[in-house]
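Trainee: Contents of coords07.cif (mmCIF, N, CA and C atoms) are below:
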```cif
data_start
loop_
_atom_site.group_PDB
_atom_site.id
_atom_site.type_symbol
_atom_site.label_atom_id
_atom_site.label_comp_id
_atom_site.auth_asym_id
_atom_site.auth_seq_id
_atom_site.Cartn_x
_atom_site.Cartn_y
_atom_site.Cartn_z
ATOM 1 N N MET A 5 6.395 0.297 -31.240
ATOM 2 C CA MET A 5 5.121 0.346 -30.564
ATOM 3 C C MET A 5 5.305 1.053 -29.219
ATOM 4 N N ARG A 6 4.452 2.008 -28.964
ATOM 5 C CA ARG A 6 4.500 2.690 -27.663
ATOM 6 C C ARG A 6 4.163 1.714 -26.547
ATOM 7 N N HIS A 7 4.765 1.949 -25.433
ATOM 8 C CA HIS A 7 4.398 1.195 -24.240
ATOM 9 C C HIS A 7 4.534 2.121 -23.047
ATOM 10 N N PHE A 8 3.777 1.830 -22.017
ATOM 11 C CA PHE A 8 3.752 2.679 -20.841
ATOM 12 C C PHE A 8 4.562 2.117 -19.683
ATOM 13 N N GLU A 9 5.046 0.896 -19.837
ATOM 14 C CA GLU A 9 5.769 0.277 -18.745
ATOM 15 C C GLU A 9 7.023 1.081 -18.418
ATOM 16 N N LYS A 10 7.402 1.051 -17.158
ATOM 17 C CA LYS A 10 8.673 1.639 -16.748
ATOM 18 C C LYS A 10 9.733 0.578 -17.006
ATOM 19 N N MET A 11 10.642 0.866 -17.918
ATOM 20 C CA MET A 11 11.675 -0.087 -18.305
ATOM 21 C C MET A 11 12.987 0.248 -17.598
ATOM 22 N N LEU A 12 13.658 -0.771 -17.075
ATOM 23 C CA LEU A 12 14.912 -0.567 -16.358
ATOM 24 C C LEU A 12 15.950 0.088 -17.257
ATOM 25 N N TYR A 13 16.056 -0.360 -18.504
ATOM 26 C CA TYR A 13 17.085 0.198 -19.380
ATOM 27 C C TYR A 13 16.833 1.673 -19.670
ATOM 28 N N ASP A 14 15.561 2.093 -19.753
ATOM 29 C CA ASP A 14 15.259 3.512 -19.940
ATOM 30 C C ASP A 14 15.673 4.317 -18.710
ATOM 31 N N GLN A 15 15.320 3.817 -17.533
ATOM 32 C CA GLN A 15 15.628 4.516 -16.293
ATOM 33 C C GLN A 15 17.146 4.607 -16.088
ATOM 34 N N ALA A 16 17.850 3.524 -16.387
ATOM 35 C CA ALA A 16 19.312 3.515 -16.230
ATOM 36 C C ALA A 16 19.964 4.502 -17.198
ATOM 37 N N THR A 17 19.467 4.575 -18.421
ATOM 38 C CA THR A 17 20.007 5.512 -19.403
ATOM 39 C C THR A 17 19.748 6.953 -18.974
ATOM 40 N N LEU A 18 18.538 7.214 -18.470
ATOM 41 C CA LEU A 18 18.228 8.558 -17.984
ATOM 42 C C LEU A 18 19.102 8.936 -16.792
ATOM 43 N N LEU A 19 19.305 7.986 -15.883
ATOM 44 C CA LEU A 19 20.157 8.252 -14.719
ATOM 45 C C LEU A 19 21.572 8.611 -15.164
ATOM 46 N N LEU A 20 22.100 7.880 -16.109
ATOM 47 C CA LEU A 20 23.431 8.172 -16.632
ATOM 48 C C LEU A 20 23.471 9.554 -17.293
ATOM 49 N N ALA A 21 22.476 9.858 -18.110
ATOM 50 C CA ALA A 21 22.446 11.139 -18.823
ATOM 51 C C ALA A 21 22.347 12.317 -17.854
ATOM 52 N N TYR A 22 21.449 12.228 -16.880
ATOM 53 C CA TYR A 22 21.294 13.329 -15.924
ATOM 54 C C TYR A 22 22.513 13.459 -15.013
ATOM 55 N N SER A 23 23.129 12.341 -14.652
ATOM 56 C CA SER A 23 24.341 12.394 -13.827
ATOM 57 C C SER A 23 25.481 13.052 -14.592
ATOM 58 N N GLU A 24 25.625 12.692 -15.848
ATOM 59 C CA GLU A 24 26.652 13.312 -16.693
ATOM 60 C C GLU A 24 26.379 14.797 -16.877
ATOM 61 N N ALA A 25 25.107 15.146 -17.096
ATOM 62 C CA ALA A 25 24.745 16.558 -17.270
ATOM 63 C C ALA A 25 25.104 17.349 -16.021
ATOM 64 N N TYR A 26 24.841 16.782 -14.851
ATOM 65 C CA TYR A 26 25.201 17.465 -13.603
ATOM 66 C C TYR A 26 26.722 17.590 -13.477
ATOM 67 N N SER A 27 27.410 16.510 -13.802
ATOM 68 C CA SER A 27 28.864 16.505 -13.710
ATOM 69 C C SER A 27 29.482 17.599 -14.586
ATOM 70 N N LEU A 28 28.913 17.803 -15.759
ATOM 71 C CA LEU A 28 29.448 18.788 -16.694
ATOM 72 C C LEU A 28 28.996 20.215 -16.407
ATOM 73 N N SER A 29 27.781 20.359 -15.886
ATOM 74 C CA SER A 29 27.201 21.699 -15.752
ATOM 75 C C SER A 29 27.131 22.217 -14.311
ATOM 76 N N GLY A 30 27.044 21.309 -13.361
ATOM 77 C CA GLY A 30 26.855 21.720 -11.972
ATOM 78 C C GLY A 30 25.435 22.190 -11.676
ATOM 79 N N GLU A 31 24.511 22.035 -12.644
ATOM 80 C CA GLU A 31 23.111 22.454 -12.472
ATOM 81 C C GLU A 31 22.409 21.559 -11.455
ATOM 82 N N ASN A 32 21.833 22.161 -10.419
ATOM 83 C CA ASN A 32 21.158 21.402 -9.372
ATOM 84 C C ASN A 32 19.956 20.625 -9.887
ATOM 85 N N LEU A 33 19.284 21.115 -10.930
ATOM 86 C CA LEU A 33 18.148 20.387 -11.505
ATOM 87 C C LEU A 33 18.572 18.993 -11.959
ATOM 88 N N PHE A 34 19.754 18.892 -12.576
ATOM 89 C CA PHE A 34 20.242 17.594 -13.038
ATOM 90 C C PHE A 34 20.584 16.685 -11.860
ATOM 91 N N ALA A 35 21.151 17.246 -10.810
ATOM 92 C CA ALA A 35 21.467 16.450 -9.621
ATOM 93 C C ALA A 35 20.189 15.949 -8.964
ATOM 94 N N ARG A 36 19.212 16.836 -8.815
ATOM 95 C CA ARG A 36 17.941 16.457 -8.188
ATOM 96 C C ARG A 36 17.226 15.381 -9.004
ATOM 97 N N THR A 37 17.233 15.542 -10.327
ATOM 98 C CA THR A 37 16.588 14.549 -11.188
ATOM 99 C C THR A 37 17.297 13.203 -11.071
ATOM 100 N N SER A 38 18.623 13.219 -11.030
ATOM 101 C CA SER A 38 19.386 11.973 -10.850
ATOM 102 C C SER A 38 19.018 11.291 -9.543
ATOM 103 N N GLU A 39 18.922 12.077 -8.480
ATOM 104 C CA GLU A 39 18.567 11.525 -7.169
ATOM 105 C C GLU A 39 17.155 10.937 -7.188
ATOM 106 N N GLU A 40 16.236 11.607 -7.862
ATOM 107 C CA GLU A 40 14.860 11.103 -7.931
ATOM 108 C C GLU A 40 14.786 9.800 -8.723
ATOM 109 N N ILE A 41 15.542 9.705 -9.811
ATOM 110 C CA ILE A 41 15.565 8.461 -10.585
ATOM 111 C C ILE A 41 16.166 7.345 -9.741
ATOM 112 N N TYR A 42 17.259 7.634 -9.055
ATOM 113 C CA TYR A 42 17.893 6.634 -8.192
ATOM 114 C C TYR A 42 16.930 6.155 -7.104
ATOM 115 N N THR A 43 16.244 7.098 -6.481
ATOM 116 C CA THR A 43 15.284 6.750 -5.432
ATOM 117 C C THR A 43 14.162 5.885 -5.998
ATOM 118 N N PHE A 44 13.672 6.235 -7.190
ATOM 119 C CA PHE A 44 12.638 5.434 -7.840
ATOM 120 C C PHE A 44 13.153 4.021 -8.120
ATOM 121 N N LEU A 45 14.337 3.921 -8.696
ATOM 122 C CA LEU A 45 14.894 2.606 -9.015
ATOM 123 C C LEU A 45 15.046 1.752 -7.762
ATOM 124 N N LYS A 46 15.591 2.341 -6.718
ATOM 125 C CA LYS A 46 15.819 1.601 -5.479
ATOM 126 C C LYS A 46 14.506 1.216 -4.807
ATOM 127 N N GLY A 47 13.532 2.115 -4.833
ATOM 128 C CA GLY A 47 12.278 1.860 -4.140
ATOM 129 C C GLY A 47 11.268 1.036 -4.907
ATOM 130 N N GLU A 48 11.288 1.143 -6.233
ATOM 131 C CA GLU A 48 10.245 0.499 -7.038
ATOM 132 C C GLU A 48 10.726 -0.652 -7.913
ATOM 133 N N MET A 49 11.993 -0.651 -8.291
ATOM 134 C CA MET A 49 12.453 -1.656 -9.248
ATOM 135 C C MET A 49 13.470 -2.635 -8.670
ATOM 136 N N LEU A 50 13.869 -2.408 -7.439
ATOM 137 C CA LEU A 50 14.831 -3.311 -6.803
ATOM 138 C C LEU A 50 14.085 -4.322 -5.941
ATOM 139 N N SER A 51 14.354 -5.587 -6.197
ATOM 140 C CA SER A 51 13.759 -6.663 -5.400
ATOM 141 C C SER A 51 14.901 -7.385 -4.680
ATOM 142 N N PRO A 52 14.585 -8.296 -3.767
ATOM 143 C CA PRO A 52 15.653 -9.040 -3.090
ATOM 144 C C PRO A 52 16.537 -9.825 -4.061
ATOM 145 N N ASP A 53 16.005 -10.131 -5.241
ATOM 146 C CA ASP A 53 16.763 -10.908 -6.237
ATOM 147 C C ASP A 53 17.521 -10.036 -7.227
ATOM 148 N N GLY A 54 17.388 -8.731 -7.133
ATOM 149 C CA GLY A 54 18.045 -7.829 -8.081
ATOM 150 C C GLY A 54 17.018 -6.876 -8.684
ATOM 151 N N PHE A 55 17.414 -6.197 -9.740
ATOM 152 C CA PHE A 55 16.503 -5.238 -10.372
ATOM 153 C C PHE A 55 15.506 -5.939 -11.273
ATOM 154 N N MET A 56 14.269 -5.477 -11.230
ATOM 155 C CA MET A 56 13.232 -5.970 -12.134
ATOM 156 C C MET A 56 13.410 -5.272 -13.477
ATOM 157 N N PRO A 57 13.209 -5.977 -14.596
ATOM 158 C CA PRO A 57 13.427 -5.355 -15.904
ATOM 159 C C PRO A 57 12.370 -4.316 -16.277
ATOM 160 N N SER A 58 11.180 -4.425 -15.673
ATOM 161 C CA SER A 58 10.123 -3.469 -16.012
ATOM 162 C C SER A 58 9.043 -3.493 -14.944
ATOM 163 N N ILE A 59 8.204 -2.447 -14.985
ATOM 164 C CA ILE A 59 7.019 -2.382 -14.129
ATOM 165 C C ILE A 59 5.822 -2.227 -15.046
ATOM 166 N N ASP A 60 4.878 -3.133 -14.930
ATOM 167 C CA ASP A 60 3.678 -3.113 -15.759
ATOM 168 C C ASP A 60 2.862 -1.857 -15.478
ATOM 169 N N ALA A 61 2.311 -1.275 -16.529
ATOM 170 C CA ALA A 61 1.544 -0.033 -16.381
ATOM 171 C C ALA A 61 0.044 -0.246 -16.562
ATOM 172 N N ASP A 62 -0.376 -1.492 -16.757
ATOM 173 C CA ASP A 62 -1.808 -1.743 -16.926
ATOM 174 C C ASP A 62 -2.540 -1.466 -15.618
ATOM 175 N N PHE A 63 -3.757 -0.969 -15.758
ATOM 176 C CA PHE A 63 -4.584 -0.668 -14.597
ATOM 177 C C PHE A 63 -6.014 -1.010 -14.959
ATOM 178 N N ASN A 64 -6.630 -1.851 -14.160
ATOM 179 C CA ASN A 64 -7.998 -2.307 -14.426
ATOM 180 C C ASN A 64 -8.134 -2.867 -15.839
ATOM 181 N N GLY A 65 -7.092 -3.576 -16.285
ATOM 182 C CA GLY A 65 -7.124 -4.207 -17.595
ATOM 183 C C GLY A 65 -6.912 -3.262 -18.766
ATOM 184 N N GLU A 66 -6.563 -2.020 -18.500
ATOM 185 C CA GLU A 66 -6.370 -1.028 -19.564
ATOM 186 C C GLU A 66 -4.880 -0.804 -19.798
ATOM 187 N N GLU A 67 -4.441 -0.964 -21.046
ATOM 188 C CA GLU A 67 -3.055 -0.716 -21.412
ATOM 189 C C GLU A 67 -2.672 0.717 -21.035
ATOM 190 N N GLY A 68 -1.663 0.850 -20.188
ATOM 191 C CA GLY A 68 -1.202 2.167 -19.779
ATOM 192 C C GLY A 68 -2.145 2.907 -18.864
ATOM 193 N N GLY A 69 -3.160 2.221 -18.375
ATOM 194 C CA GLY A 69 -4.191 2.871 -17.576
ATOM 195 C C GLY A 69 -3.677 3.604 -16.358
ATOM 196 N N TYR A 70 -2.554 3.159 -15.845
ATOM 197 C CA TYR A 70 -1.975 3.815 -14.673
ATOM 198 C C TYR A 70 -1.442 5.201 -15.030
ATOM 199 N N TYR A 71 -1.068 5.390 -16.304
ATOM 200 C CA TYR A 71 -0.440 6.645 -16.721
ATOM 201 C C TYR A 71 -1.320 7.506 -17.626
ATOM 202 N N VAL A 72 -2.458 6.997 -18.062
ATOM 203 C CA VAL A 72 -3.330 7.751 -18.962
ATOM 204 C C VAL A 72 -4.265 8.631 -18.134
ATOM 205 N N TRP A 73 -4.284 9.924 -18.469
ATOM 206 C CA TRP A 73 -5.124 10.885 -17.749
ATOM 207 C C TRP A 73 -6.331 11.237 -18.594
ATOM 208 N N ASP A 74 -7.450 11.384 -17.967
ATOM 209 C CA ASP A 74 -8.663 11.845 -18.611
ATOM 210 C C ASP A 74 -8.625 13.377 -18.676
ATOM 211 N N HIS A 75 -9.119 13.952 -19.762
ATOM 212 C CA HIS A 75 -9.108 15.399 -19.953
ATOM 213 C C HIS A 75 -9.787 16.119 -18.788
ATOM 214 N N ALA A 76 -10.909 15.602 -18.339
ATOM 215 C CA ALA A 76 -11.645 16.225 -17.234
ATOM 216 C C ALA A 76 -10.811 16.219 -15.944
ATOM 217 N N ASP A 77 -10.072 15.132 -15.703
ATOM 218 C CA ASP A 77 -9.214 15.063 -14.516
ATOM 219 C C ASP A 77 -8.102 16.106 -14.587
ATOM 220 N N LEU A 78 -7.501 16.256 -15.768
ATOM 221 C CA LEU A 78 -6.448 17.252 -15.943
ATOM 222 C C LEU A 78 -6.990 18.660 -15.723
ATOM 223 N N ARG A 79 -8.161 18.931 -16.281
ATOM 224 C CA ARG A 79 -8.768 20.258 -16.140
ATOM 225 C C ARG A 79 -9.021 20.570 -14.663
ATOM 226 N N GLU A 80 -9.386 19.556 -13.910
ATOM 227 C CA GLU A 80 -9.645 19.751 -12.482
ATOM 228 C C GLU A 80 -8.359 20.026 -11.698
ATOM 229 N N LEU A 81 -7.268 19.412 -12.106
ATOM 230 C CA LEU A 81 -6.005 19.527 -11.384
ATOM 231 C C LEU A 81 -5.183 20.759 -11.760
ATOM 232 N N LEU A 82 -5.296 21.203 -13.008
ATOM 233 C CA LEU A 82 -4.435 22.272 -13.499
ATOM 234 C C LEU A 82 -5.151 23.608 -13.565
ATOM 235 N N GLU A 83 -4.384 24.666 -13.453
ATOM 236 C CA GLU A 83 -4.926 26.004 -13.637
ATOM 237 C C GLU A 83 -5.133 26.238 -15.128
ATOM 238 N N ASP A 84 -5.941 27.222 -15.486
ATOM 239 C CA ASP A 84 -6.276 27.472 -16.888
ATOM 240 C C ASP A 84 -5.042 27.647 -17.766
ATOM 241 N N GLY A 85 -4.075 28.431 -17.308
ATOM 242 C CA GLY A 85 -2.864 28.657 -18.090
ATOM 243 C C GLY A 85 -2.072 27.382 -18.311
ATOM 244 N N GLU A 86 -1.997 26.553 -17.277
ATOM 245 C CA GLU A 86 -1.284 25.280 -17.395
ATOM 246 C C GLU A 86 -2.011 24.344 -18.354
ATOM 247 N N MET A 87 -3.333 24.311 -18.244
ATOM 248 C CA MET A 87 -4.120 23.446 -19.115
ATOM 249 C C MET A 87 -3.996 23.898 -20.569
ATOM 250 N N GLY A 88 -4.039 25.199 -20.788
ATOM 251 C CA GLY A 88 -3.900 25.720 -22.140
ATOM 252 C C GLY A 88 -2.554 25.350 -22.748
ATOM 253 N N LEU A 89 -1.500 25.442 -21.957
ATOM 254 C CA LEU A 89 -0.171 25.073 -22.422
ATOM 255 C C LEU A 89 -0.109 23.587 -22.774
ATOM 256 N N LEU A 90 -0.671 22.759 -21.922
ATOM 257 C CA LEU A 90 -0.711 21.316 -22.165
ATOM 258 C C LEU A 90 -1.479 21.006 -23.448
ATOM 259 N N GLU A 91 -2.595 21.683 -23.633
ATOM 260 C CA GLU A 91 -3.407 21.462 -24.836
ATOM 261 C C GLU A 91 -2.646 21.868 -26.091
ATOM 262 N N ARG A 92 -1.973 23.012 -26.039
ATOM 263 C CA ARG A 92 -1.241 23.495 -27.221
ATOM 264 C C ARG A 92 -0.006 22.653 -27.524
ATOM 265 N N CYS A 93 0.768 22.341 -26.507
ATOM 266 C CA CYS A 93 2.046 21.653 -26.719
ATOM 267 C C CYS A 93 1.899 20.165 -27.017
ATOM 268 N N TYR A 94 0.898 19.542 -26.422
ATOM 269 C CA TYR A 94 0.780 18.085 -26.553
ATOM 270 C C TYR A 94 -0.495 17.628 -27.256
ATOM 271 N N GLY A 95 -1.282 18.569 -27.746
ATOM 272 C CA GLY A 95 -2.497 18.195 -28.461
ATOM 273 C C GLY A 95 -3.530 17.526 -27.581
ATOM 274 N N VAL A 96 -3.521 17.863 -26.311
ATOM 275 C CA VAL A 96 -4.465 17.265 -25.370
ATOM 276 C C VAL A 96 -5.838 17.895 -25.582
ATOM 277 N N GLY A 97 -6.845 17.065 -25.670
ATOM 278 C CA GLY A 97 -8.215 17.540 -25.817
ATOM 279 C C GLY A 97 -9.179 16.518 -25.255
ATOM 280 N N PRO A 98 -10.449 16.852 -25.207
ATOM 281 C CA PRO A 98 -11.446 15.923 -24.654
ATOM 282 C C PRO A 98 -11.449 14.564 -25.352
ATOM 283 N N GLU A 99 -11.092 14.552 -26.643
ATOM 284 C CA GLU A 99 -11.086 13.282 -27.381
ATOM 285 C C GLU A 99 -9.804 12.485 -27.158
ATOM 286 N N GLY A 100 -8.837 13.087 -26.451
ATOM 287 C CA GLY A 100 -7.571 12.408 -26.173
ATOM 288 C C GLY A 100 -6.525 12.722 -27.234
ATOM 289 N N ASN A 101 -5.314 12.280 -26.986
ATOM 290 C CA ASN A 101 -4.244 12.500 -27.957
ATOM 291 C C ASN A 101 -3.431 11.235 -28.207
ATOM 292 N N TRP A 102 -4.024 10.109 -27.890
ATOM 293 C CA TRP A 102 -3.360 8.826 -28.104
ATOM 294 C C TRP A 102 -4.254 7.982 -28.974
ATOM 295 N N ASP A 103 -3.728 7.483 -30.075
ATOM 296 C CA ASP A 103 -4.516 6.709 -31.026
ATOM 297 C C ASP A 103 -4.579 5.246 -30.588
ATOM 298 N N TRP A 104 -5.628 4.921 -29.874
ATOM 299 C CA TRP A 104 -5.801 3.553 -29.369
ATOM 300 C C TRP A 104 -5.854 2.549 -30.519
ATOM 301 N N ASN A 105 -6.509 2.914 -31.602
ATOM 302 C CA ASN A 105 -6.654 1.987 -32.730
ATOM 303 C C ASN A 105 -5.305 1.663 -33.371
ATOM 304 N N ALA A 106 -4.419 2.647 -33.457
ATOM 305 C CA ALA A 106 -3.106 2.405 -34.042
ATOM 306 C C ALA A 106 -2.316 1.401 -33.209
ATOM 307 N N MET A 107 -2.653 1.299 -31.952
ATOM 308 C CA MET A 107 -1.964 0.377 -31.053
ATOM 309 C C MET A 107 -2.631 -0.999 -31.053
ATOM 310 N N GLY A 108 -3.720 -1.147 -31.769
ATOM 311 C CA GLY A 108 -4.416 -2.424 -31.792
ATOM 312 C C GLY A 108 -5.330 -2.650 -30.612
ATOM 313 N N PHE A 109 -5.710 -1.571 -29.937
ATOM 314 C CA PHE A 109 -6.600 -1.657 -28.781
ATOM 315 C C PHE A 109 -7.911 -0.940 -29.083
ATOM 316 N N ALA A 110 -8.969 -1.418 -28.479
ATOM 317 C CA ALA A 110 -10.234 -0.692 -28.518
ATOM 318 C C ALA A 110 -10.199 0.331 -27.389
ATOM 319 N N ARG A 111 -10.639 1.543 -27.670
ATOM 320 C CA ARG A 111 -10.644 2.576 -26.624
ATOM 321 C C ARG A 111 -11.608 2.150 -25.517
ATOM 322 N N PRO A 112 -11.142 2.208 -24.265
ATOM 323 C CA PRO A 112 -12.010 1.805 -23.143
ATOM 324 C C PRO A 112 -13.197 2.740 -22.970
#
```
Could you take the file, read its structure, and then write that structure out as structure tokens?

Mentor:
Amino acid sequence: MRHFEKMLYDQATLLLAYSEAYSLSGENLFARTSEEIYTFLKGEMLSPDGFMPSIDADFNGEEGGYYVWDHADLRELLEDGEMGLLERCYGVGPEGNWDWNAMGFARP
């Protein structure tokens, strides 16, 4: 089942993968990505008691609402070429590209 929460184990695995990629390749993109993941973990997932296992992504009672973008919002933020690429590569359209019913949710 898809979920939108930020999971500690996912972030830790990504940090390890990007750090290893940098170690092997010397590519600055991998180093920068590792640093950004580390900064996110330290700033958002670390509490005085240790690391939190996840961060809830619900917003206004909507599953994944914090991470779900409306087509109109994307069109406003992106240039035509960027929007076209997003539409082609990810099937983004006005009707959305996430099957709410398959997840057992009613579309908001």

Trainee: Return the single residue from A:Leu90, A:Gln15, A:Gly100, A:Gly69 that is closest to Phe44 of chain A, with distances computed using only C-alpha atoms.

Mentor: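 Of all the options, A:Gln15 lies closest to Phe44 of chain A.
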
Trainee: Would you mind listing what lies within 6 Å of segment 60-66 of chain A as a PyMOL selection string, with all atoms listed in the file counted and same-chain residues fewer than 6 positions away left out?

Mentor: chain A and resi 8-10

Trainee: As a PyMOL selection string, which residues of segment 11-84 of chain A does DSSP assign to helix (DSSP H, G or I)?

Mentor: chain A and resi 12-29+32-49+75-81+84

Trainee: Take atom N of Ser29 of chain A and atom CA of Leu50 of chain A and report the distance between them in Å, one decimal.

Mentor: 28.5 Å

Trainee: Between atom C of Phe34 of chain A and atom N of Leu18 of chain A, measure the distance and give it in Å to one decimal.

Mentor: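 Pair atom C of Phe34 of chain A / atom N of Leu18 of chain A returns 11.7 Å.
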
Trainee: Would you mind reading off the distance between atom CA of Pro98 of chain A and atom CA of Asp77 of chain A, one decimal, in Å?

Mentor: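 Spanning atom CA of Pro98 of chain A to atom CA of Asp77 of chain A is a straight-line distance of 10.4 Å.
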
Trainee: So which one's closest to Ala76 of chain A, A:Asp14, A:Gly97, A:Ser58, A:Leu89? Using only N, CA and C atoms, please.

Mentor: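 Nearest to Ala76 of chain A: A:Gly97.
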
Trainee: Just list the residues in segment 30-65 of chain A DSSP gives strand (DSSP E or B) on the backbone, as a PyMOL selection string.

Mentor: chain A and resi 50-51+54-55+58-59+63

Trainee: Closest to Tyr42 of chain A among A:Asn101, A:Gly88, A:His75, A:Leu20, using only C-alpha atoms?

Mentor: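 Using only C-alpha atoms, the shortest distance to Tyr42 of chain A belongs to A:Leu20.
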